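Q: Structure file structure28.cif (mmCIF, C-alpha atoms, pLDDT in the B column; chains and numbers go by the auth columns) right here:
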data_start
loop_
_atom_site.group_PDB
_atom_site.id
_atom_site.type_symbol
_atom_site.label_atom_id
_atom_site.label_comp_id
_atom_site.label_asym_id
_atom_site.label_seq_id
_atom_site.Cartn_x
_atom_site.Cartn_y
_atom_site.Cartn_z
_atom_site.B_iso_or_equiv
_atom_site.auth_seq_id
_atom_site.auth_asym_id
ATOM 1 C CA MET A 1 -4.217 1.760 -21.870 69.00 1 H
ATOM 2 C CA LYS A 2 -2.302 4.546 -23.605 86.00 2 H
ATOM 3 C CA LYS A 3 1.282 5.213 -22.554 88.00 3 H
ATOM 4 C CA ILE A 4 3.550 8.213 -22.876 91.00 4 H
ATOM 5 C CA ARG A 5 7.306 8.170 -22.289 88.00 5 H
ATOM 6 C CA ILE A 6 9.171 10.955 -20.502 87.00 6 H
ATOM 7 C CA GLU A 7 12.960 10.798 -20.080 81.00 7 H
ATOM 8 C CA GLY A 8 12.876 7.023 -20.294 82.00 8 H
ATOM 9 C CA ILE A 9 9.966 6.693 -17.858 88.00 9 H
ATOM 10 C CA ASP A 10 6.770 5.003 -19.070 90.00 10 H
ATOM 11 C CA ILE A 11 3.591 6.677 -17.829 93.00 11 H
ATOM 12 C CA ASP A 12 0.102 5.205 -18.069 93.00 12 H
ATOM 13 C CA LEU A 13 -2.134 7.950 -19.473 93.00 13 H
ATOM 14 C CA VAL A 14 -5.810 7.767 -18.515 92.00 14 H
ATOM 15 C CA ARG A 15 -8.517 10.196 -19.611 91.00 15 H
ATOM 16 C CA LYS A 16 -11.454 10.574 -17.259 88.00 16 H
ATOM 17 C CA GLY A 17 -14.340 12.898 -16.520 89.00 17 H
ATOM 18 C CA ILE A 18 -12.329 14.917 -14.003 88.00 18 H
ATOM 19 C CA LYS A 19 -11.379 18.572 -13.633 86.00 19 H
ATOM 20 C CA ASN A 20 -7.949 18.205 -12.067 87.00 20 H
ATOM 21 C CA ILE A 21 -4.859 16.221 -13.037 91.00 21 H
ATOM 22 C CA HIS A 22 -3.923 13.268 -10.832 91.00 22 H
ATOM 23 C CA LEU A 23 -0.356 11.979 -10.890 91.00 23 H
ATOM 24 C CA THR A 24 0.420 8.818 -8.914 90.00 24 H
ATOM 25 C CA VAL A 25 3.457 6.585 -8.440 87.00 25 H
ATOM 26 C CA TYR A 26 2.442 3.146 -7.199 81.00 26 H
ATOM 27 C CA PRO A 27 4.378 0.695 -5.066 71.00 27 H
ATOM 28 C CA PRO A 28 6.027 -1.699 -5.168 66.00 28 H
ATOM 29 C CA ASP A 29 7.662 -1.181 -8.569 72.00 29 H
ATOM 30 C CA GLY A 30 7.153 2.567 -9.140 82.00 30 H
ATOM 31 C CA ARG A 31 4.468 2.348 -11.836 86.00 31 H
ATOM 32 C CA VAL A 32 3.438 5.878 -12.884 91.00 32 H
ATOM 33 C CA ARG A 33 -0.164 6.805 -13.749 91.00 33 H
ATOM 34 C CA LEU A 34 -1.359 10.166 -15.049 93.00 34 H
ATOM 35 C CA ALA A 35 -5.125 10.763 -15.052 92.00 35 H
ATOM 36 C CA VAL A 36 -6.192 13.851 -17.015 93.00 36 H
ATOM 37 C CA PRO A 37 -9.482 15.465 -18.146 93.00 37 H
ATOM 38 C CA ARG A 38 -10.884 14.000 -21.376 91.00 38 H
ATOM 39 C CA HIS A 39 -10.316 17.202 -23.337 91.00 39 H
ATOM 40 C CA MET A 40 -6.553 17.302 -22.662 91.00 40 H
ATOM 41 C CA ASP A 41 -4.389 16.206 -25.598 90.00 41 H
ATOM 42 C CA ASP A 42 -1.228 14.091 -25.385 90.00 42 H
ATOM 43 C CA GLU A 43 1.156 17.015 -25.760 91.00 43 H
ATOM 44 C CA GLU A 44 -0.417 18.952 -22.913 92.00 44 H
ATOM 45 C CA ALA A 45 -0.343 15.849 -20.718 91.00 45 H
ATOM 46 C CA ARG A 46 3.312 15.263 -21.631 90.00 46 H
ATOM 47 C CA ASN A 47 4.227 18.855 -20.771 91.00 47 H
ATOM 48 C CA PHE A 48 2.547 18.546 -17.396 92.00 48 H
ATOM 49 C CA ALA A 49 4.427 15.332 -16.646 91.00 49 H
ATOM 50 C CA LEU A 50 7.698 17.058 -17.552 91.00 50 H
ATOM 51 C CA THR A 51 7.034 19.770 -14.947 91.00 51 H
ATOM 52 C CA LYS A 52 6.690 17.017 -12.330 90.00 52 H
ATOM 53 C CA LEU A 53 9.627 14.924 -13.508 90.00 53 H
ATOM 54 C CA THR A 54 11.767 15.598 -10.434 88.00 54 H
ATOM 55 C CA TRP A 55 8.933 14.480 -8.151 88.00 55 H
ATOM 56 C CA ILE A 56 8.272 11.375 -10.269 89.00 56 H
ATOM 57 C CA ILE A 57 11.929 10.333 -10.120 87.00 57 H
ATOM 58 C CA LYS A 58 12.041 10.897 -6.376 83.00 58 H
ATOM 59 C CA GLN A 59 8.937 8.768 -5.805 82.00 59 H
ATOM 60 C CA LYS A 60 10.134 5.986 -8.102 80.00 60 H
ATOM 61 C CA LYS A 61 13.450 5.918 -6.277 76.00 61 H
ATOM 62 C CA LYS A 62 11.636 5.028 -3.060 71.00 62 H
ATOM 63 C CA TYR A 63 10.450 1.820 -4.692 64.00 63 H
ATOM 64 C CA THR A 64 13.639 0.889 -6.529 55.00 64 H
ATOM 65 C CA THR A 65 16.365 1.516 -3.948 47.00 65 H
ATOM 66 C CA GLY A 66 16.939 0.863 -0.265 43.00 66 H
ATOM 67 C CA GLU A 67 13.392 1.796 0.690 47.00 67 H
ATOM 68 C CA THR A 68 12.006 -1.383 -0.848 48.00 68 H
ATOM 69 C CA GLU A 69 11.932 -4.864 0.615 50.00 69 H
ATOM 70 C CA ALA A 70 13.801 -6.215 -2.423 49.00 70 H
ATOM 71 C CA ALA A 71 16.865 -4.257 -1.314 70.00 71 H
ATOM 72 C CA LYS A 72 16.717 -5.420 2.295 83.00 72 H
ATOM 73 C CA VAL A 73 19.410 -7.786 3.505 88.00 73 H
ATOM 74 C CA TYR A 74 17.976 -8.196 7.028 91.00 74 H
ATOM 75 C CA LYS A 75 21.069 -7.256 8.987 92.00 75 H
ATOM 76 C CA THR A 76 21.595 -5.347 12.210 94.00 76 H
ATOM 77 C CA GLY A 77 21.134 -1.598 11.819 93.00 77 H
ATOM 78 C CA GLU A 78 18.648 -1.821 8.961 93.00 78 H
ATOM 79 C CA SER A 79 15.414 0.197 9.155 92.00 79 H
ATOM 80 C CA HIS A 80 12.058 -1.570 9.068 93.00 80 H
ATOM 81 C CA TYR A 81 8.522 -0.332 9.666 93.00 81 H
ATOM 82 C CA TYR A 82 5.521 -1.574 11.611 95.00 82 H
ATOM 83 C CA LEU A 83 2.200 0.301 11.699 94.00 83 H
ATOM 84 C CA GLY A 84 3.875 3.411 10.339 90.00 84 H
ATOM 85 C CA GLU A 85 6.632 3.494 12.961 92.00 85 H
ATOM 86 C CA LYS A 86 10.303 3.062 12.167 91.00 86 H
ATOM 87 C CA TYR A 87 12.321 0.374 13.973 95.00 87 H
ATOM 88 C CA ILE A 88 15.992 -0.558 13.890 95.00 88 H
ATOM 89 C CA LEU A 89 16.625 -4.229 13.222 95.00 89 H
ATOM 90 C CA GLU A 90 18.832 -6.136 15.651 96.00 90 H
ATOM 91 C CA VAL A 91 19.761 -9.613 14.436 95.00 91 H
ATOM 92 C CA ILE A 92 20.564 -11.957 17.318 95.00 92 H
ATOM 93 C CA GLU A 93 21.987 -15.382 16.529 93.00 93 H
ATOM 94 C CA LYS A 94 20.780 -17.850 19.115 91.00 94 H
ATOM 95 C CA LYS A 95 19.816 -21.499 19.316 89.00 95 H
ATOM 96 C CA GLY A 96 16.112 -22.182 19.605 88.00 96 H
ATOM 97 C CA LYS A 97 13.013 -21.075 17.744 92.00 97 H
ATOM 98 C CA ASP A 98 13.374 -18.239 15.242 94.00 98 H
ATOM 99 C CA HIS A 99 11.169 -15.298 16.184 95.00 99 H
ATOM 100 C CA LEU A 100 10.856 -11.517 16.263 97.00 100 H
ATOM 101 C CA GLU A 101 10.142 -9.163 19.163 95.00 101 H
ATOM 102 C CA LEU A 102 9.680 -5.387 19.444 96.00 102 H
ATOM 103 C CA ARG A 103 11.746 -3.653 22.122 94.00 103 H
ATOM 104 C CA ASP A 104 11.587 -0.173 23.659 93.00 104 H
ATOM 105 C CA GLU A 105 9.366 1.137 20.837 88.00 105 H
ATOM 106 C CA GLN A 106 12.561 1.468 18.824 92.00 106 H
ATOM 107 C CA TYR A 107 14.048 -1.924 17.996 95.00 107 H
ATOM 108 C CA MET A 108 13.033 -5.099 16.173 96.00 108 H
ATOM 109 C CA ASP A 109 14.946 -7.995 17.690 97.00 109 H
ATOM 110 C CA LEU A 110 15.169 -10.846 15.185 97.00 110 H
ATOM 111 C CA TYR A 111 16.269 -14.079 16.865 96.00 111 H
ATOM 112 C CA VAL A 112 17.685 -16.563 14.365 95.00 112 H
ATOM 113 C CA ARG A 113 19.720 -19.732 14.502 93.00 113 H
ATOM 114 C CA PRO A 114 23.389 -19.351 13.503 91.00 114 H
ATOM 115 C CA GLY A 115 23.938 -19.531 9.753 87.00 115 H
ATOM 116 C CA ASN A 116 20.404 -18.390 8.958 88.00 116 H
ATOM 117 C CA THR A 117 20.012 -17.122 5.370 91.00 117 H
ATOM 118 C CA ILE A 118 18.646 -13.761 4.214 91.00 118 H
ATOM 119 C CA LYS A 119 15.703 -15.566 2.627 93.00 119 H
ATOM 120 C CA LYS A 120 14.880 -17.270 5.912 93.00 120 H
ATOM 121 C CA ARG A 121 15.098 -13.990 7.822 94.00 121 H
ATOM 122 C CA GLU A 122 12.737 -12.376 5.334 94.00 122 H
ATOM 123 C CA LYS A 123 10.295 -15.262 5.774 95.00 123 H
ATOM 124 C CA ILE A 124 10.370 -14.952 9.554 96.00 124 H
ATOM 125 C CA MET A 125 9.598 -11.251 9.351 96.00 125 H
ATOM 126 C CA SER A 126 6.864 -11.727 6.746 96.00 126 H
ATOM 127 C CA GLU A 127 5.147 -14.320 8.907 97.00 127 H
ATOM 128 C CA TRP A 128 5.395 -11.992 11.900 98.00 128 H
ATOM 129 C CA TYR A 129 3.755 -9.199 9.897 97.00 129 H
ATOM 130 C CA ARG A 130 1.086 -11.630 8.697 97.00 130 H
ATOM 131 C CA GLN A 131 0.271 -12.761 12.226 97.00 131 H
ATOM 132 C CA LYS A 132 0.027 -9.165 13.436 98.00 132 H
ATOM 133 C CA LEU A 133 -2.439 -8.310 10.669 98.00 133 H
ATOM 134 C CA LYS A 134 -4.504 -11.395 11.518 97.00 134 H
ATOM 135 C CA GLU A 135 -4.779 -10.057 15.055 97.00 135 H
ATOM 136 C CA ILE A 136 -5.657 -6.486 13.999 97.00 136 H
ATOM 137 C CA ILE A 137 -7.983 -6.864 11.018 98.00 137 H
ATOM 138 C CA PRO A 138 -10.967 -8.629 12.685 97.00 138 H
ATOM 139 C CA SER A 139 -11.694 -5.678 14.979 97.00 139 H
ATOM 140 C CA TYR A 140 -11.750 -3.298 12.011 98.00 140 H
ATOM 141 C CA ILE A 141 -14.078 -5.588 10.068 97.00 141 H
ATOM 142 C CA GLU A 142 -16.419 -5.924 13.041 97.00 142 H
ATOM 143 C CA LYS A 143 -16.472 -2.151 13.514 97.00 143 H
ATOM 144 C CA TRP A 144 -17.218 -1.370 9.878 97.00 144 H
ATOM 145 C CA GLU A 145 -19.759 -4.143 9.341 97.00 145 H
ATOM 146 C CA LYS A 146 -22.002 -2.271 11.754 96.00 146 H
ATOM 147 C CA ILE A 147 -21.360 1.101 10.128 96.00 147 H
ATOM 148 C CA ILE A 148 -21.555 0.067 6.470 97.00 148 H
ATOM 149 C CA GLY A 149 -24.227 -2.575 6.942 96.00 149 H
ATOM 150 C CA VAL A 150 -22.463 -5.447 5.151 96.00 150 H
ATOM 151 C CA LYS A 151 -21.104 -8.832 6.192 96.00 151 H
ATOM 152 C CA VAL A 152 -17.597 -10.102 5.416 97.00 152 H
ATOM 153 C CA ASN A 153 -17.529 -13.882 5.303 97.00 153 H
ATOM 154 C CA GLU A 154 -13.765 -14.216 5.194 96.00 154 H
ATOM 155 C CA PHE A 155 -10.547 -12.221 4.901 97.00 155 H
ATOM 156 C CA GLY A 156 -7.073 -13.169 3.786 97.00 156 H
ATOM 157 C CA ILE A 157 -3.603 -11.636 3.671 97.00 157 H
ATOM 158 C CA LYS A 158 -1.187 -11.950 0.769 94.00 158 H
ATOM 159 C CA LYS A 159 1.563 -10.095 -1.034 91.00 159 H
ATOM 160 C CA MET A 160 0.233 -8.122 -3.994 87.00 160 H
ATOM 161 C CA LYS A 161 2.312 -6.203 -6.514 79.00 161 H
ATOM 162 C CA THR A 162 -0.160 -3.575 -7.694 76.00 162 H
ATOM 163 C CA ARG A 163 -3.053 -3.494 -5.223 86.00 163 H
ATOM 164 C CA TRP A 164 -3.468 -2.760 -1.550 92.00 164 H
ATOM 165 C CA GLY A 165 -6.568 -4.938 -1.371 94.00 165 H
ATOM 166 C CA THR A 166 -9.177 -6.820 -3.370 94.00 166 H
ATOM 167 C CA CYS A 167 -12.761 -7.944 -2.823 95.00 167 H
ATOM 168 C CA ASN A 168 -14.628 -11.006 -4.061 95.00 168 H
ATOM 169 C CA THR A 169 -18.178 -9.651 -3.935 93.00 169 H
ATOM 170 C CA ARG A 170 -19.775 -13.015 -4.672 93.00 170 H
ATOM 171 C CA ASP A 171 -18.102 -14.831 -1.783 95.00 171 H
ATOM 172 C CA LYS A 172 -17.903 -11.679 0.368 96.00 172 H
ATOM 173 C CA ARG A 173 -14.195 -12.244 0.886 96.00 173 H
ATOM 174 C CA ILE A 174 -11.600 -9.491 1.108 97.00 174 H
ATOM 175 C CA TRP A 175 -7.828 -9.732 0.644 97.00 175 H
ATOM 176 C CA ILE A 176 -5.384 -7.347 2.296 97.00 176 H
ATOM 177 C CA ASN A 177 -1.827 -6.659 1.101 95.00 177 H
ATOM 178 C CA LEU A 178 0.787 -7.845 3.587 96.00 178 H
ATOM 179 C CA GLU A 179 2.688 -4.572 3.095 93.00 179 H
ATOM 180 C CA LEU A 180 -0.064 -2.721 4.975 95.00 180 H
ATOM 181 C CA ALA A 181 1.408 -4.065 8.211 96.00 181 H
ATOM 182 C CA LYS A 182 4.154 -1.485 7.682 94.00 182 H
ATOM 183 C CA LYS A 183 1.786 1.432 7.101 92.00 183 H
ATOM 184 C CA ALA A 184 0.000 3.648 9.601 91.00 184 H
ATOM 185 C CA PRO A 185 -3.189 2.112 11.080 95.00 185 H
ATOM 186 C CA ARG A 186 -5.357 4.674 9.253 95.00 186 H
ATOM 187 C CA CYS A 187 -4.023 3.299 5.949 93.00 187 H
ATOM 188 C CA LEU A 188 -4.913 -0.268 6.873 96.00 188 H
ATOM 189 C CA GLU A 189 -8.360 0.823 8.027 97.00 189 H
ATOM 190 C CA TYR A 190 -8.935 2.798 4.812 97.00 190 H
ATOM 191 C CA ILE A 191 -8.197 -0.241 2.633 97.00 191 H
ATOM 192 C CA ILE A 192 -10.490 -2.437 4.737 98.00 192 H
ATOM 193 C CA VAL A 193 -13.290 0.118 4.397 98.00 193 H
ATOM 194 C CA HIS A 194 -12.580 0.453 0.671 97.00 194 H
ATOM 195 C CA GLU A 195 -12.912 -3.282 0.072 97.00 195 H
ATOM 196 C CA MET A 196 -15.996 -3.570 2.284 97.00 196 H
ATOM 197 C CA VAL A 197 -17.719 -0.746 0.399 97.00 197 H
ATOM 198 C CA HIS A 198 -17.322 -2.879 -2.718 96.00 198 H
ATOM 199 C CA LEU A 199 -19.940 -5.146 -1.144 96.00 199 H
ATOM 200 C CA LEU A 200 -22.339 -2.242 -1.703 95.00 200 H
ATOM 201 C CA GLU A 201 -20.962 -1.120 -5.069 93.00 201 H
ATOM 202 C CA ARG A 202 -18.605 -3.222 -7.207 92.00 202 H
ATOM 203 C CA HIS A 203 -17.266 -0.424 -9.394 91.00 203 H
ATOM 204 C CA HIS A 204 -15.217 2.695 -8.650 89.00 204 H
ATOM 205 C CA ASN A 205 -18.017 4.965 -9.810 92.00 205 H
ATOM 206 C CA LYS A 206 -19.722 8.005 -8.289 94.00 206 H
ATOM 207 C CA ALA A 207 -21.880 5.838 -6.035 95.00 207 H
ATOM 208 C CA PHE A 208 -18.780 4.113 -4.662 95.00 208 H
ATOM 209 C CA LYS A 209 -17.033 7.431 -4.006 94.00 209 H
ATOM 210 C CA ASP A 210 -20.156 8.832 -2.365 96.00 210 H
ATOM 211 C CA TYR A 211 -20.239 5.841 -0.015 97.00 211 H
ATOM 212 C CA MET A 212 -16.562 6.330 0.808 97.00 212 H
ATOM 213 C CA SER A 213 -17.097 10.016 1.546 96.00 213 H
ATOM 214 C CA GLU A 214 -20.071 9.180 3.746 96.00 214 H
ATOM 215 C CA PHE A 215 -18.314 6.496 5.785 97.00 215 H
ATOM 216 C CA LEU A 216 -14.730 7.815 5.751 96.00 216 H
ATOM 217 C CA PRO A 217 -14.665 11.545 4.818 95.00 217 H
ATOM 218 C CA GLU A 218 -10.842 11.710 4.832 94.00 218 H
ATOM 219 C CA TRP A 219 -10.427 8.734 2.483 94.00 219 H
ATOM 220 C CA LYS A 220 -8.919 10.755 -0.368 88.00 220 H
ATOM 221 C CA SER A 221 -6.074 12.130 1.735 86.00 221 H
ATOM 222 C CA ILE A 222 -5.298 8.655 3.086 89.00 222 H
ATOM 223 C CA LYS A 223 -5.340 7.264 -0.452 86.00 223 H
ATOM 224 C CA ASN A 224 -2.834 9.924 -1.486 78.00 224 H
ATOM 225 C CA GLU A 225 -0.676 9.042 1.510 79.00 225 H
ATOM 226 C CA LEU A 226 -0.552 5.450 0.286 80.00 226 H
ATOM 227 C CA ASN A 227 -0.197 6.001 -3.436 68.00 227 H
ATOM 228 C CA GLY A 228 1.132 9.444 -4.201 53.00 228 H
ATOM 229 C CA ILE A 229 -0.421 12.886 -4.487 44.00 229 H
ATOM 230 C CA SER A 230 -3.253 14.645 -6.263 39.00 230 H
ATOM 231 C CA LEU A 231 -2.015 17.645 -8.221 36.00 231 H
ATOM 232 C CA HIS A 232 -3.962 20.638 -9.485 34.00 232 H
ATOM 233 C CA LYS A 233 -3.007 21.982 -12.853 30.00 233 H
#
Please, can you express the file's structure as structure tokens?
A:
Amino acid sequence: MKKIRIEGIDIDLVRKGIKNIHLTVYPPDGRVRLAVPRHMDDEEARNFALTKLTWIIKQKKKYTTGETEAAKVYKTGESHYYLGEKYILEVIEKKGKDHLELRDEQYMDLYVRPGNTIKKREKIMSEWYRQKLKEIIPSYIEKWEKIIGVKVNEFGIKKMKTRWGTCNTRDKRIWINLELAKKAPRCLEYIIVHEMVHLLERHHNKAFKDYMSEFLPEWKSIKNELNGISLHK
């Protein structure tokens, strides 16, 4: 993949059969991708990226500062998200089983034993997110199996650095990124649909996009919500 460098920022440059320019900054590490029409030369692509430099820096900052999990220290007053809603963390030291509870649609109460480490607190929260996704995902799969006309044999949840989901078409197994527990339900549903459509079409070609538009007409706007924005030249 070709790369261009703007003000110290590496950008993956991809040429495709498209009319508009698509600029995306991906979580969790702020990778930047610029998709341009095949006829556009490097200099023109570079100039476009320069006009969007402020936006690129702003988006990358989200993934390299306090907005990322790497910067979290899991202390009282910290902001955390669940299903697109913001909660304030309240750490409560107490003997007994470590666990997390939502309160008043505003707070995340994290009960931990005295002397609990940051790493342990992170693990407790990750497992809570994982359990919540395990409870939510089956209903989405059941719904979309009927609509799409495919069968998912198994699903799993794991942390992924560069993808929101993956699909093993041979085994009919889909994997969902744990981070989606923090996103709005429409984002989680979109990724589930996306991976299930791969059971009809393995590649991200026109047929795949046509299926997505048929089953989930608003998929492009949800994709942009997750990954960045689509910009017109």
Q: Can you pull out the residues contacting range 4-17 of chain H? Cut-off 10 Å, using all atoms listed in the file, and skip same-chain residues under 5 positions away; I want them as a VMD selection string.
A: chain H and resid 22 to 25 31 to 43 45 to 47 49 to 50 53 56 to 57 60
Q: Give as JSON, numbers by chain the residues that the PyMOL selection byres ((chain H and resi 133-135) around 10) matches when applied to the coordinates above.
A: {"H": [83, 127, 128, 129, 130, 131, 132, 136, 137, 138, 139, 155, 156, 157, 176, 177, 178, 179, 180, 181, 182, 188]}
Q: Tell me which of H:Gly77, H:Lys161, H:Pro185, H:Leu110 sits closest to Lys97 in chain H, counting all atoms listed in the file.
A: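 The shortest atom-to-atom distance to Lys97 in chain H comes from H:Leu110.
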Q: Please, what distance in Å, to one decimal, runs between CA of Asn205 in chain H and CA of Gln59 in chain H?
A: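 Those two atoms sit 27.5 Å apart.
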Q: Work out how far apart CA of Thr51 in chain H and CA of Ile222 in chain H are and give it in Å to one decimal.
A: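 Going from CA of Thr51 in chain H over to CA of Ile222 in chain H covers 24.5 Å.
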Q: How many Å lie between CA of Phe208 in chain H and CA of Lys2 in chain H, rounded to one decimal?
A: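 CA of Phe208 in chain H sits 25.1 Å away from CA of Lys2 in chain H.
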Q: When you count only C-alpha atoms, which of these residues is closest to Val152 in chain H: H:Lys62, H:His198, H:Lys72, H:Arg113?
A: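 That would be H:His198, the residue with the smallest distance to Val152 in chain H.
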Q: Nearest to Lys119 in chain H among H:Lys209, H:Ile21, H:Val73, H:Asp104, with distances taken over all atoms listed in the file: which residue is it?
A: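 Ranking H:Lys209, H:Ile21, H:Val73, H:Asp104 by distance to Lys119 in chain H, first place goes to H:Val73.
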Q: Run the PyMOL selection byres ((chain H and resi 167) around 8) mentally over the shown coordinates, then write out the matched residues as JSON, numbers by chain, using the chain letters and numbers from the document.
A: {"H": [165, 166, 168, 169, 172, 173, 174, 175, 195, 196, 198, 199]}
Q: Have a look at H:Lys95, H:Glu85, H:Glu154, H:Ala71 and name the one nearest to Ile118 in chain H; count all atoms listed in the file.
A: H:Ala71
Q: Can you pull out every residue within 9 Å of range 147-151 of chain H, counting all atoms listed in the file, but drop anything in the same chain fewer than 2 positions away, and send it as an MDAnalysis selection string?
A: chainID H and resid 141:145 153 172 193 196:197 199:200 211 215
Q: With C-alpha atoms retained, write the just-selected residues as a short mmCIF file (atom, residue, chain, number, x, y, z; two decimals), in the coordinates of the input.
A:
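The resulting file, selection.cif, is reproduced below:
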data_model
loop_
_atom_site.label_atom_id
_atom_site.label_comp_id
_atom_site.auth_asym_id
_atom_site.auth_seq_id
_atom_site.Cartn_x
_atom_site.Cartn_y
_atom_site.Cartn_z
CA ILE H 141 -14.08 -5.59 10.07
CA GLU H 142 -16.42 -5.92 13.04
CA LYS H 143 -16.47 -2.15 13.51
CA TRP H 144 -17.22 -1.37 9.88
CA GLU H 145 -19.76 -4.14 9.34
CA ASN H 153 -17.53 -13.88 5.30
CA LYS H 172 -17.90 -11.68 0.37
CA VAL H 193 -13.29 0.12 4.40
CA MET H 196 -16.00 -3.57 2.28
CA VAL H 197 -17.72 -0.75 0.40
CA LEU H 199 -19.94 -5.15 -1.14
CA LEU H 200 -22.34 -2.24 -1.70
CA TYR H 211 -20.24 5.84 -0.02
CA PHE H 215 -18.31 6.50 5.78
#
Q: With all atoms listed in the file counted, which protein, DNA or RNA residues have an atom no more than 12 Å from (-8.1, 7.3, -4.8) in the file frame? Please answer as a PyMOL selection string.
A: chain H and resi 22-24+26+33+35+163-164+190-191+194+204-205+208-209+212-213+218-230
Q: Report, as AutoDock Vina command-line options, the centre and edge lengths in Å (one decimal) of the axis-aligned box enclosing every listed atom of range 163-174 of chain H, padded by 3 Å on each side.
A:
--center_x -11.4 --center_y -8.8 --center_z -2.1 --size_x 22.7 --size_y 18.1 --size_z 12.3
Q: Which one of H:Ile18, H:Ser126, H:Tyr140, H:Leu102 sits closest to Lys206 in chain H if you count only C-alpha atoms?
A: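 Counting only C-alpha atoms, the residue closest to Lys206 in chain H is H:Ile18.
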